$ cat coords.tsv   # TSV, N, CA and C atoms
chain	number	residue	atom	x	y	z
A	1483	GLN	N	0.85	-1.19	0.00
A	1483	GLN	CA	0.00	0.00	0.00
A	1483	GLN	C	0.88	1.24	0.00
A	1484	VAL	N	0.56	2.19	-0.87
A	1484	VAL	CA	1.30	3.45	-0.97
A	1484	VAL	C	0.31	4.60	-0.97
A	1485	GLN	N	0.57	5.59	-0.14
A	1485	GLN	CA	-0.23	6.82	-0.15
A	1485	GLN	C	0.61	7.94	-0.76
A	1486	LEU	N	-0.01	8.74	-1.61
A	1486	LEU	CA	0.72	9.75	-2.36
A	1486	LEU	C	0.08	11.13	-2.17
A	1487	VAL	N	0.92	12.14	-1.98
A	1487	VAL	CA	0.44	13.51	-1.84
A	1487	VAL	C	1.29	14.43	-2.71
A	1488	GLU	N	0.64	15.07	-3.68
A	1488	GLU	CA	1.35	15.99	-4.57
A	1488	GLU	C	1.36	17.40	-4.00
A	1489	SER	N	2.36	18.17	-4.40
A	1489	SER	CA	2.44	19.58	-4.04
A	1489	SER	C	3.29	20.29	-5.09
A	1490	GLY	N	3.26	21.61	-5.06
A	1490	GLY	CA	4.12	22.39	-5.93
A	1490	GLY	C	3.43	23.03	-7.11
A	1491	GLY	N	2.15	22.76	-7.29
A	1491	GLY	CA	1.45	23.38	-8.40
A	1491	GLY	C	1.18	24.85	-8.12
A	1492	GLY	N	0.65	25.54	-9.13
A	1492	GLY	CA	0.34	26.94	-8.97
A	1492	GLY	C	0.10	27.63	-10.29
A	1493	LEU	N	0.02	28.95	-10.23
A	1493	LEU	CA	-0.16	29.79	-11.42
A	1493	LEU	C	1.21	30.29	-11.87
A	1494	VAL	N	1.53	30.03	-13.11
A	1494	VAL	CA	2.84	30.38	-13.66
A	1494	VAL	C	2.66	31.04	-15.02
A	1495	GLN	N	3.51	31.99	-15.31
A	1495	GLN	CA	3.47	32.63	-16.63
A	1495	GLN	C	4.11	31.73	-17.68
A	1496	PRO	N	3.69	31.84	-18.91
A	1496	PRO	CA	4.35	31.08	-19.99
A	1496	PRO	C	5.85	31.29	-19.97
A	1497	GLY	N	6.58	30.20	-20.15
A	1497	GLY	CA	8.03	30.26	-20.10
A	1497	GLY	C	8.60	30.01	-18.73
A	1498	GLY	N	7.76	29.99	-17.72
A	1498	GLY	CA	8.22	29.76	-16.36
A	1498	GLY	C	8.50	28.31	-16.07
A	1499	SER	N	8.87	28.05	-14.82
A	1499	SER	CA	9.23	26.70	-14.38
A	1499	SER	C	8.52	26.36	-13.07
A	1500	LEU	N	8.37	25.07	-12.85
A	1500	LEU	CA	7.81	24.55	-11.60
A	1500	LEU	C	8.48	23.23	-11.28
A	1501	ARG	N	8.50	22.90	-10.00
A	1501	ARG	CA	8.88	21.56	-9.59
A	1501	ARG	C	7.75	20.98	-8.74
A	1502	LEU	N	7.14	19.93	-9.25
A	1502	LEU	CA	6.11	19.23	-8.52
A	1502	LEU	C	6.75	18.14	-7.67
A	1503	SER	N	6.20	17.95	-6.49
A	1503	SER	CA	6.69	16.90	-5.60
A	1503	SER	C	5.58	15.91	-5.31
A	1504	CYS	N	5.98	14.69	-5.04
A	1504	CYS	CA	5.05	13.63	-4.70
A	1504	CYS	C	5.60	12.91	-3.47
A	1505	ALA	N	5.01	13.19	-2.33
A	1505	ALA	CA	5.45	12.56	-1.08
A	1505	ALA	C	4.70	11.24	-0.89
A	1506	ALA	N	5.46	10.19	-0.68
A	1506	ALA	CA	4.87	8.86	-0.56
A	1506	ALA	C	5.04	8.32	0.86
A	1507	SER	N	4.07	7.58	1.29
A	1507	SER	CA	4.18	6.85	2.55
A	1507	SER	C	3.82	5.41	2.31
A	1508	GLY	N	4.38	4.53	3.09
A	1508	GLY	CA	4.17	3.10	2.86
A	1508	GLY	C	5.50	2.43	2.58
A	1509	ARG	N	5.55	1.17	2.88
A	1509	ARG	CA	6.81	0.45	2.81
A	1509	ARG	C	7.31	0.18	1.41
A	1510	THR	N	6.42	0.23	0.44
A	1510	THR	CA	6.79	-0.30	-0.86
A	1510	THR	C	7.21	0.76	-1.88
A	1511	PHE	N	7.27	2.03	-1.49
A	1511	PHE	CA	7.58	3.06	-2.48
A	1511	PHE	C	8.91	2.82	-3.16
A	1512	SER	N	9.93	2.48	-2.40
A	1512	SER	CA	11.27	2.34	-2.98
A	1512	SER	C	11.36	1.15	-3.93
A	1513	SER	N	10.39	0.27	-3.92
A	1513	SER	CA	10.37	-0.86	-4.84
A	1513	SER	C	9.30	-0.70	-5.91
A	1514	SER	N	8.72	0.48	-6.00
A	1514	SER	CA	7.63	0.74	-6.95
A	1514	SER	C	8.06	1.72	-8.02
A	1515	GLY	N	7.55	1.51	-9.20
A	1515	GLY	CA	7.69	2.52	-10.22
A	1515	GLY	C	6.78	3.71	-9.88
A	1516	MET	N	7.10	4.87	-10.43
A	1516	MET	CA	6.34	6.07	-10.16
A	1516	MET	C	6.07	6.80	-11.46
A	1517	GLY	N	4.93	7.44	-11.53
A	1517	GLY	CA	4.60	8.14	-12.76
A	1517	GLY	C	3.85	9.43	-12.49
A	1518	TRP	N	3.75	10.23	-13.54
A	1518	TRP	CA	2.94	11.45	-13.51
A	1518	TRP	C	2.00	11.43	-14.71
A	1519	PHE	N	0.76	11.76	-14.44
A	1519	PHE	CA	-0.25	11.95	-15.48
A	1519	PHE	C	-0.81	13.35	-15.30
A	1520	ARG	N	-1.50	13.83	-16.31
A	1520	ARG	CA	-2.18	15.11	-16.18
A	1520	ARG	C	-3.54	15.05	-16.86
A	1521	GLN	N	-4.44	15.89	-16.36
A	1521	GLN	CA	-5.80	15.91	-16.90
A	1521	GLN	C	-6.26	17.35	-17.01
A	1522	ALA	N	-6.50	17.77	-18.24
A	1522	ALA	CA	-7.03	19.10	-18.52
A	1522	ALA	C	-8.55	19.05	-18.43
A	1523	PRO	N	-9.19	20.19	-18.20
A	1523	PRO	CA	-10.65	20.21	-18.09
A	1523	PRO	C	-11.33	19.61	-19.31
A	1524	GLY	N	-12.23	18.70	-19.06
A	1524	GLY	CA	-12.99	18.09	-20.13
A	1524	GLY	C	-12.25	17.05	-20.94
A	1525	LYS	N	-11.04	16.72	-20.51
A	1525	LYS	CA	-10.23	15.75	-21.26
A	1525	LYS	C	-9.86	14.57	-20.38
A	1526	GLU	N	-9.40	13.51	-21.01
A	1526	GLU	CA	-9.02	12.32	-20.25
A	1526	GLU	C	-7.65	12.51	-19.61
A	1527	ARG	N	-7.37	11.69	-18.63
A	1527	ARG	CA	-6.08	11.72	-17.96
A	1527	ARG	C	-5.03	11.08	-18.89
A	1528	VAL	N	-3.93	11.78	-19.09
A	1528	VAL	CA	-2.92	11.30	-20.03
A	1528	VAL	C	-1.55	11.18	-19.38
A	1529	PHE	N	-0.77	10.28	-19.90
A	1529	PHE	CA	0.57	10.00	-19.39
A	1529	PHE	C	1.52	11.16	-19.66
A	1530	VAL	N	2.36	11.45	-18.67
A	1530	VAL	CA	3.37	12.49	-18.82
A	1530	VAL	C	4.77	11.89	-18.74
A	1531	ALA	N	5.03	11.17	-17.64
A	1531	ALA	CA	6.37	10.63	-17.43
A	1531	ALA	C	6.32	9.51	-16.40
A	1532	ALA	N	7.34	8.66	-16.42
A	1532	ALA	CA	7.44	7.58	-15.44
A	1532	ALA	C	8.90	7.29	-15.17
A	1533	ILE	N	9.15	6.68	-14.03
A	1533	ILE	CA	10.50	6.33	-13.62
A	1533	ILE	C	10.44	4.99	-12.90
A	1534	ASN	N	11.46	4.16	-13.11
A	1534	ASN	CA	11.42	2.87	-12.46
A	1534	ASN	C	11.83	3.00	-10.99
A	1535	TYR	N	11.79	1.88	-10.26
A	1535	TYR	CA	11.97	1.93	-8.81
A	1535	TYR	C	13.33	2.50	-8.40
A	1536	SER	N	14.34	2.23	-9.19
A	1536	SER	CA	15.69	2.67	-8.81
A	1536	SER	C	16.05	4.03	-9.37
A	1537	GLY	N	15.27	4.52	-10.33
A	1537	GLY	CA	15.59	5.78	-10.97
A	1537	GLY	C	16.48	5.65	-12.18
A	1538	ASP	N	16.83	4.42	-12.53
A	1538	ASP	CA	17.74	4.21	-13.67
A	1538	ASP	C	17.07	4.41	-15.02
A	1539	ASN	N	15.77	4.20	-15.07
A	1539	ASN	CA	15.06	4.28	-16.35
A	1539	ASN	C	13.92	5.29	-16.25
A	1540	THR	N	13.85	6.16	-17.24
A	1540	THR	CA	12.79	7.16	-17.30
A	1540	THR	C	12.09	7.09	-18.64
A	1541	TYR	N	10.85	7.51	-18.66
A	1541	TYR	CA	10.01	7.46	-19.86
A	1541	TYR	C	9.21	8.76	-19.91
A	1542	TYR	N	9.04	9.29	-21.13
A	1542	TYR	CA	8.33	10.55	-21.29
A	1542	TYR	C	7.36	10.49	-22.46
A	1543	ALA	N	6.25	11.22	-22.31
A	1543	ALA	CA	5.39	11.45	-23.46
A	1543	ALA	C	6.14	12.34	-24.44
A	1544	ASP	N	5.91	12.12	-25.72
A	1544	ASP	CA	6.62	12.91	-26.73
A	1544	ASP	C	6.37	14.40	-26.55
A	1545	SER	N	5.19	14.75	-26.08
A	1545	SER	CA	4.82	16.17	-25.99
A	1545	SER	C	5.60	16.92	-24.91
A	1546	VAL	N	6.27	16.19	-24.01
A	1546	VAL	CA	6.97	16.87	-22.91
A	1546	VAL	C	8.48	16.62	-22.92
A	1547	LYS	N	8.95	15.80	-23.83
A	1547	LYS	CA	10.38	15.51	-23.88
A	1547	LYS	C	11.18	16.79	-24.05
A	1548	GLY	N	12.23	16.91	-23.26
A	1548	GLY	CA	13.10	18.07	-23.32
A	1548	GLY	C	12.69	19.19	-22.39
A	1549	ARG	N	11.44	19.16	-21.90
A	1549	ARG	CA	10.97	20.21	-20.97
A	1549	ARG	C	10.68	19.66	-19.58
A	1550	PHE	N	10.32	18.39	-19.49
A	1550	PHE	CA	9.96	17.76	-18.22
A	1550	PHE	C	11.05	16.79	-17.82
A	1551	THR	N	11.34	16.75	-16.52
A	1551	THR	CA	12.30	15.79	-16.00
A	1551	THR	C	11.72	15.14	-14.76
A	1552	ILE	N	11.63	13.82	-14.80
A	1552	ILE	CA	11.14	13.06	-13.65
A	1552	ILE	C	12.33	12.53	-12.87
A	1553	SER	N	12.20	12.53	-11.55
A	1553	SER	CA	13.27	12.01	-10.70
A	1553	SER	C	12.66	11.52	-9.40
A	1554	ARG	N	13.46	10.87	-8.59
A	1554	ARG	CA	12.98	10.38	-7.30
A	1554	ARG	C	14.13	10.33	-6.31
A	1555	ASP	N	13.78	10.43	-5.04
A	1555	ASP	CA	14.74	10.28	-3.96
A	1555	ASP	C	14.15	9.26	-3.00
A	1556	ASN	N	14.56	8.03	-3.12
A	1556	ASN	CA	13.96	6.97	-2.30
A	1556	ASN	C	14.27	7.14	-0.82
A	1557	ALA	N	15.38	7.79	-0.51
A	1557	ALA	CA	15.70	8.04	0.90
A	1557	ALA	C	14.68	8.98	1.54
A	1558	LYS	N	14.09	9.85	0.71
A	1558	LYS	CA	13.08	10.79	1.20
A	1558	LYS	C	11.67	10.35	0.86
A	1559	ASN	N	11.54	9.20	0.21
A	1559	ASN	CA	10.22	8.72	-0.22
A	1559	ASN	C	9.48	9.78	-1.02
A	1560	THR	N	10.18	10.42	-1.92
A	1560	THR	CA	9.61	11.53	-2.68
A	1560	THR	C	9.99	11.43	-4.14
A	1561	GLY	N	9.04	11.74	-4.98
A	1561	GLY	CA	9.27	11.83	-6.41
A	1561	GLY	C	9.08	13.27	-6.86
A	1562	TYR	N	9.64	13.59	-8.02
A	1562	TYR	CA	9.60	14.96	-8.50
A	1562	TYR	C	9.29	15.01	-10.01
A	1563	LEU	N	8.72	16.12	-10.41
A	1563	LEU	CA	8.56	16.41	-11.83
A	1563	LEU	C	8.99	17.86	-12.02
A	1564	GLN	N	10.13	18.04	-12.64
A	1564	GLN	CA	10.62	19.38	-12.95
A	1564	GLN	C	10.10	19.79	-14.31
A	1565	ILE	N	9.47	20.94	-14.37
A	1565	ILE	CA	8.88	21.41	-15.62
A	1565	ILE	C	9.49	22.76	-15.95
A	1566	LYS	N	9.99	22.91	-17.16
A	1566	LYS	CA	10.53	24.19	-17.58
A	1566	LYS	C	9.85	24.62	-18.87
A	1567	ASN	N	10.00	25.92	-19.20
A	1567	ASN	CA	9.40	26.48	-20.40
A	1567	ASN	C	7.91	26.11	-20.50
A	1568	LEU	N	7.18	26.41	-19.44
A	1568	LEU	CA	5.77	26.05	-19.39
A	1568	LEU	C	4.98	26.75	-20.48
A	1569	LYS	N	4.00	26.04	-21.01
A	1569	LYS	CA	3.14	26.54	-22.06
A	1569	LYS	C	1.68	26.50	-21.59
A	1570	PRO	N	0.82	27.34	-22.15
A	1570	PRO	CA	-0.59	27.31	-21.74
A	1570	PRO	C	-1.21	25.92	-21.86
A	1571	GLU	N	-0.78	25.14	-22.83
A	1571	GLU	CA	-1.34	23.80	-23.01
A	1571	GLU	C	-0.88	22.81	-21.94
A	1572	ASP	N	0.03	23.23	-21.08
A	1572	ASP	CA	0.42	22.40	-19.94
A	1572	ASP	C	-0.55	22.55	-18.77
A	1573	THR	N	-1.49	23.48	-18.89
A	1573	THR	CA	-2.47	23.67	-17.83
A	1573	THR	C	-3.29	22.41	-17.62
A	1574	ALA	N	-3.29	21.92	-16.38
A	1574	ALA	CA	-3.97	20.67	-16.06
A	1574	ALA	C	-3.81	20.38	-14.57
A	1575	VAL	N	-4.55	19.41	-14.11
A	1575	VAL	CA	-4.28	18.82	-12.80
A	1575	VAL	C	-3.26	17.71	-13.01
A	1576	TYR	N	-2.19	17.76	-12.24
A	1576	TYR	CA	-1.12	16.77	-12.36
A	1576	TYR	C	-1.24	15.76	-11.22
A	1577	TYR	N	-1.25	14.49	-11.60
A	1577	TYR	CA	-1.42	13.40	-10.64
A	1577	TYR	C	-0.16	12.56	-10.58
A	1578	CYS	N	0.22	12.23	-9.36
A	1578	CYS	CA	1.30	11.29	-9.12
A	1578	CYS	C	0.71	9.90	-8.96
A	1579	THR	N	1.43	8.92	-9.45
A	1579	THR	CA	0.94	7.55	-9.34
A	1579	THR	C	2.10	6.61	-9.07
A	1580	ALA	N	1.81	5.46	-8.49
A	1580	ALA	CA	2.85	4.48	-8.18
A	1580	ALA	C	2.27	3.09	-8.30
A	1581	ASP	N	3.13	2.17	-8.62
A	1581	ASP	CA	2.75	0.77	-8.67
A	1581	ASP	C	4.01	-0.06	-8.88
A	1582	ALA	N	3.90	-1.31	-8.61
A	1582	ALA	CA	5.06	-2.18	-8.75
A	1582	ALA	C	4.98	-2.96	-10.05
A	1583	ASN	N	6.12	-3.08	-10.69
A	1583	ASN	CA	6.27	-4.03	-11.78
A	1583	ASN	C	5.31	-3.86	-12.95
A	1584	ILE	N	5.13	-2.62	-13.38
A	1584	ILE	CA	4.34	-2.41	-14.60
A	1584	ILE	C	5.27	-2.55	-15.79
A	1585	PRO	N	4.94	-3.40	-16.74
A	1585	PRO	CA	5.78	-3.51	-17.93
A	1585	PRO	C	5.87	-2.18	-18.66
A	1586	PRO	N	7.03	-1.84	-19.19
A	1586	PRO	CA	7.18	-0.54	-19.87
A	1586	PRO	C	6.14	-0.29	-20.95
A	1587	GLY	N	5.69	-1.33	-21.60
A	1587	GLY	CA	4.69	-1.16	-22.65
A	1587	GLY	C	3.33	-0.74	-22.14
A	1588	LEU	N	3.11	-0.81	-20.84
A	1588	LEU	CA	1.79	-0.49	-20.28
A	1588	LEU	C	1.80	0.77	-19.41
A	1589	ILE	N	2.92	1.42	-19.26
A	1589	ILE	CA	3.00	2.54	-18.32
A	1589	ILE	C	2.21	3.76	-18.76
A	1590	THR	N	1.88	3.87	-20.03
A	1590	THR	CA	1.14	5.05	-20.49
A	1590	THR	C	-0.35	4.93	-20.24
A	1591	ARG	N	-0.78	3.78	-19.77
A	1591	ARG	CA	-2.20	3.58	-19.50
A	1591	ARG	C	-2.50	3.89	-18.04
A	1592	ALA	N	-3.42	4.80	-17.78
A	1592	ALA	CA	-3.77	5.13	-16.41
A	1592	ALA	C	-4.31	3.91	-15.67
A	1593	SER	N	-4.98	3.04	-16.37
A	1593	SER	CA	-5.59	1.86	-15.74
A	1593	SER	C	-4.54	0.86	-15.25
A	1594	SER	N	-3.29	1.03	-15.68
A	1594	SER	CA	-2.23	0.11	-15.24
A	1594	SER	C	-1.76	0.42	-13.81
A	1595	TRP	N	-2.02	1.62	-13.34
A	1595	TRP	CA	-1.49	2.07	-12.06
A	1595	TRP	C	-2.53	1.97	-10.96
A	1596	ASP	N	-2.12	1.49	-9.79
A	1596	ASP	CA	-3.06	1.27	-8.69
A	1596	ASP	C	-3.17	2.44	-7.72
A	1597	TYR	N	-2.09	3.14	-7.45
A	1597	TYR	CA	-2.09	4.15	-6.39
A	1597	TYR	C	-1.97	5.55	-7.00
A	1598	TRP	N	-2.84	6.44	-6.50
A	1598	TRP	CA	-2.91	7.79	-7.05
A	1598	TRP	C	-2.95	8.83	-5.93
A	1599	GLY	N	-2.37	9.99	-6.19
A	1599	GLY	CA	-2.53	11.12	-5.31
A	1599	GLY	C	-3.78	11.89	-5.68
A	1600	GLN	N	-4.01	12.98	-4.96
A	1600	GLN	CA	-5.24	13.77	-5.17
A	1600	GLN	C	-5.08	14.80	-6.28
A	1601	GLY	N	-3.86	15.01	-6.72
A	1601	GLY	CA	-3.61	15.95	-7.81
A	1601	GLY	C	-3.22	17.33	-7.33
A	1602	THR	N	-2.48	18.03	-8.19
A	1602	THR	CA	-2.11	19.42	-7.92
A	1602	THR	C	-2.32	20.22	-9.20
A	1603	GLN	N	-2.94	21.37	-9.07
A	1603	GLN	CA	-3.31	22.18	-10.24
A	1603	GLN	C	-2.12	22.99	-10.73
A	1604	VAL	N	-1.88	22.92	-12.02
A	1604	VAL	CA	-0.89	23.77	-12.68
A	1604	VAL	C	-1.63	24.61	-13.71
A	1605	THR	N	-1.51	25.92	-13.59
A	1605	THR	CA	-2.15	26.84	-14.53
A	1605	THR	C	-1.09	27.73	-15.14
A	1606	VAL	N	-1.03	27.73	-16.46
A	1606	VAL	CA	-0.04	28.53	-17.17
A	1606	VAL	C	-0.80	29.62	-17.92
A	1607	SER	N	-0.60	30.84	-17.47
A	1607	SER	CA	-1.34	31.96	-18.04
A	1607	SER	C	-0.60	33.26	-17.76
A	1608	SER	N	-0.74	34.20	-18.70
A	1608	SER	CA	-0.14	35.52	-18.49
A	1608	SER	C	-1.18	36.47	-17.90

$ encode --input "coords.tsv" --output "structure tokens"
Amino acid sequence: QVQLVESGGGLVQPGGSLRLSCAASGRTFSSSGMGWFRQAPGKERVFVAAINYSGDNTYYADSVKGRFTISRDNAKNTGYLQIKNLKPEDTAVYYCTADANIPPGLITRASSWDYWGQGTQVTVSS
């Protein structure tokens, strides 16, 4: 069992940066993969990025490559999503997720992940 709490969202101007955090509790976080999804108003939840349990492997949606960086600190039971050069189309609720042993081919599916945070709002506007 893993409990997840996101933080770090807010209102940012285009071109700005944010770092989202995902604080995890539970014994299994360090052995679980972690991911970030986002959901814009009226749209489905979509994959953003994922990282394996050790942090050695990362995966990104094509739309965020080069601007988003996922990382984790297992000693702190915390995951991160660094976002730079924010665009209005990045506006969404960002959700942290975790699960163990998801095959890489299935990580982009929200239904593959069992544990979710409550989300943090990111709004990009001038």

$ closest_residue --input "coords.tsv" --among "A:Ser1545, A:Ser1536, A:Thr1560, A:Gln1483" --to "A:Ser1514" --atoms "all atoms listed in the file"
A:Ser1536

$ residues_around --input "coords.tsv" --residues "A:Gly1508" --least-positions-apart "3" --cutoff "9 Å" --atoms "only C-alpha atoms" --output "number ranges by chain"
A: 1483-1485, 1511, 1559

$ closest_residue --input "coords.tsv" --among "A:Leu1588, A:Ala1543, A:Val1487, A:Leu1493" --to "A:Tyr1562" --atoms "only C-alpha atoms"
A:Val1487

$ select_by_dssp --input "coords.tsv" --residues "chain A" --states "helix (DSSP H, G or I)" --output "PyMOL selection string"
chain A and resi 1511-1513+1544-1546+1570-1572+1586-1588+1592-1594

$ atom_distance --input "coords.tsv" --atom1 "atom CA of A:Leu1502" --atom2 "atom CA of A:Ser1489"
5.8 Å

$ select_by_dssp --input "coords.tsv" --residues "chain A" --states "strand (DSSP E or B)" --output "number ranges by chain"
A: 1485-1489, 1492-1494, 1500-1507, 1515-1521, 1528-1533, 1540-1542, 1550-1555, 1560-1565, 1574-1581, 1597-1598, 1602-1606

$ residues_around --input "coords.tsv" --residues "A:Phe1529" --least-positions-apart "3" --cutoff "12 Å" --atoms "only C-alpha atoms" --output "PyMOL selection string"
chain A and resi 1516-1522+1526+1532+1541-1546+1576-1579+1588-1595

$ write_last_selection --input "coords.tsv" --atoms "N, CA and C atoms" --output "JSON list (two decimals), in the coordinates of the input"
[["chain", "number", "residue", "atom", "x", "y", "z"],
["A", 1516, "MET", "N", 7.10, 4.87, -10.43],
["A", 1516, "MET", "CA", 6.34, 6.07, -10.16],
["A", 1516, "MET", "C", 6.07, 6.80, -11.46],
["A", 1517, "GLY", "N", 4.93, 7.44, -11.53],
["A", 1517, "GLY", "CA", 4.60, 8.14, -12.76],
["A", 1517, "GLY", "C", 3.85, 9.43, -12.49],
["A", 1518, "TRP", "N", 3.75, 10.23, -13.54],
["A", 1518, "TRP", "CA", 2.94, 11.45, -13.51],
["A", 1518, "TRP", "C", 2.00, 11.43, -14.71],
["A", 1519, "PHE", "N", 0.76, 11.76, -14.44],
["A", 1519, "PHE", "CA", -0.25, 11.95, -15.48],
["A", 1519, "PHE", "C", -0.81, 13.35, -15.30],
["A", 1520, "ARG", "N", -1.50, 13.83, -16.31],
["A", 1520, "ARG", "CA", -2.18, 15.11, -16.18],
["A", 1520, "ARG", "C", -3.54, 15.05, -16.86],
["A", 1521, "GLN", "N", -4.44, 15.89, -16.36],
["A", 1521, "GLN", "CA", -5.80, 15.91, -16.90],
["A", 1521, "GLN", "C", -6.26, 17.35, -17.01],
["A", 1522, "ALA", "N", -6.50, 17.77, -18.24],
["A", 1522, "ALA", "CA", -7.03, 19.10, -18.52],
["A", 1522, "ALA", "C", -8.55, 19.05, -18.43],
["A", 1526, "GLU", "N", -9.40, 13.51, -21.01],
["A", 1526, "GLU", "CA", -9.02, 12.32, -20.25],
["A", 1526, "GLU", "C", -7.65, 12.51, -19.61],
["A", 1532, "ALA", "N", 7.34, 8.66, -16.42],
["A", 1532, "ALA", "CA", 7.44, 7.58, -15.44],
["A", 1532, "ALA", "C", 8.90, 7.29, -15.17],
["A", 1541, "TYR", "N", 10.85, 7.51, -18.66],
["A", 1541, "TYR", "CA", 10.01, 7.46, -19.86],
["A", 1541, "TYR", "C", 9.21, 8.76, -19.91],
["A", 1542, "TYR", "N", 9.04, 9.29, -21.13],
["A", 1542, "TYR", "CA", 8.33, 10.55, -21.29],
["A", 1542, "TYR", "C", 7.36, 10.49, -22.46],
["A", 1543, "ALA", "N", 6.25, 11.22, -22.31],
["A", 1543, "ALA", "CA", 5.39, 11.45, -23.46],
["A", 1543, "ALA", "C", 6.14, 12.34, -24.44],
["A", 1544, "ASP", "N", 5.91, 12.12, -25.72],
["A", 1544, "ASP", "CA", 6.62, 12.91, -26.73],
["A", 1544, "ASP", "C", 6.37, 14.40, -26.55],
["A", 1545, "SER", "N", 5.19, 14.75, -26.08],
["A", 1545, "SER", "CA", 4.82, 16.17, -25.99],
["A", 1545, "SER", "C", 5.60, 16.92, -24.91],
["A", 1546, "VAL", "N", 6.27, 16.19, -24.01],
["A", 1546, "VAL", "CA", 6.97, 16.87, -22.91],
["A", 1546, "VAL", "C", 8.48, 16.62, -22.92],
["A", 1576, "TYR", "N", -2.19, 17.76, -12.24],
["A", 1576, "TYR", "CA", -1.12, 16.77, -12.36],
["A", 1576, "TYR", "C", -1.24, 15.76, -11.22],
["A", 1577, "TYR", "N", -1.25, 14.49, -11.60],
["A", 1577, "TYR", "CA", -1.42, 13.40, -10.64],
["A", 1577, "TYR", "C", -0.16, 12.56, -10.58],
["A", 1578, "CYS", "N", 0.22, 12.23, -9.36],
["A", 1578, "CYS", "CA", 1.30, 11.29, -9.12],
["A", 1578, "CYS", "C", 0.71, 9.90, -8.96],
["A", 1579, "THR", "N", 1.43, 8.92, -9.45],
["A", 1579, "THR", "CA", 0.94, 7.55, -9.34],
["A", 1579, "THR", "C", 2.10, 6.61, -9.07],
["A", 1588, "LEU", "N", 3.11, -0.81, -20.84],
["A", 1588, "LEU", "CA", 1.79, -0.49, -20.28],
["A", 1588, "LEU", "C", 1.80, 0.77, -19.41],
["A", 1589, "ILE", "N", 2.92, 1.42, -19.26],
["A", 1589, "ILE", "CA", 3.00, 2.54, -18.32],
["A", 1589, "ILE", "C", 2.21, 3.76, -18.76],
["A", 1590, "THR", "N", 1.88, 3.87, -20.03],
["A", 1590, "THR", "CA", 1.14, 5.05, -20.49],
["A", 1590, "THR", "C", -0.35, 4.93, -20.24],
["A", 1591, "ARG", "N", -0.78, 3.78, -19.77],
["A", 1591, "ARG", "CA", -2.20, 3.58, -19.50],
["A", 1591, "ARG", "C", -2.50, 3.89, -18.04],
["A", 1592, "ALA", "N", -3.42, 4.80, -17.78],
["A", 1592, "ALA", "CA", -3.77, 5.13, -16.41],
["A", 1592, "ALA", "C", -4.31, 3.91, -15.67],
["A", 1593, "SER", "N", -4.98, 3.04, -16.37],
["A", 1593, "SER", "CA", -5.59, 1.86, -15.74],
["A", 1593, "SER", "C", -4.54, 0.86, -15.25],
["A", 1594, "SER", "N", -3.29, 1.03, -15.68],
["A", 1594, "SER", "CA", -2.23, 0.11, -15.24],
["A", 1594, "SER", "C", -1.76, 0.42, -13.81],
["A", 1595, "TRP", "N", -2.02, 1.62, -13.34],
["A", 1595, "TRP", "CA", -1.49, 2.07, -12.06],
["A", 1595, "TRP", "C", -2.53, 1.97, -10.96]]

$ atom_distance --input "coords.tsv" --atom1 "atom CA of A:Gly1537" --atom2 "atom CA of A:Asn1567"
23.6 Å

$ build_atoms --input "coords.tsv" --residues "stretch 1562-1570 of chain A" --atoms "N, CA, C and O atoms" --output "CSV table (one decimal), in the coordinates of the input"
chain,number,residue,atom,x,y,z
A,1562,TYR,N,9.6,13.6,-8.0
A,1562,TYR,CA,9.6,15.0,-8.5
A,1562,TYR,C,9.3,15.0,-10.0
A,1562,TYR,O,9.6,14.1,-10.7
A,1563,LEU,N,8.7,16.1,-10.4
A,1563,LEU,CA,8.6,16.4,-11.8
A,1563,LEU,C,9.0,17.9,-12.0
A,1563,LEU,O,8.3,18.8,-11.6
A,1564,GLN,N,10.1,18.0,-12.6
A,1564,GLN,CA,10.6,19.4,-13.0
A,1564,GLN,C,10.1,19.8,-14.3
A,1564,GLN,O,10.3,19.0,-15.3
A,1565,ILE,N,9.5,20.9,-14.4
A,1565,ILE,CA,8.9,21.4,-15.6
A,1565,ILE,C,9.5,22.8,-16.0
A,1565,ILE,O,9.5,23.7,-15.1
A,1566,LYS,N,10.0,22.9,-17.2
A,1566,LYS,CA,10.5,24.2,-17.6
A,1566,LYS,C,9.8,24.6,-18.9
A,1566,LYS,O,9.2,23.8,-19.6
A,1567,ASN,N,10.0,25.9,-19.2
A,1567,ASN,CA,9.4,26.5,-20.4
A,1567,ASN,C,7.9,26.1,-20.5
A,1567,ASN,O,7.5,25.6,-21.5
A,1568,LEU,N,7.2,26.4,-19.4
A,1568,LEU,CA,5.8,26.0,-19.4
A,1568,LEU,C,5.0,26.8,-20.5
A,1568,LEU,O,5.2,27.9,-20.8
A,1569,LYS,N,4.0,26.0,-21.0
A,1569,LYS,CA,3.1,26.5,-22.1
A,1569,LYS,C,1.7,26.5,-21.6
A,1569,LYS,O,1.3,25.7,-20.7
A,1570,PRO,N,0.8,27.3,-22.2
A,1570,PRO,CA,-0.6,27.3,-21.7
A,1570,PRO,C,-1.2,25.9,-21.9
A,1570,PRO,O,-2.1,25.5,-21.0
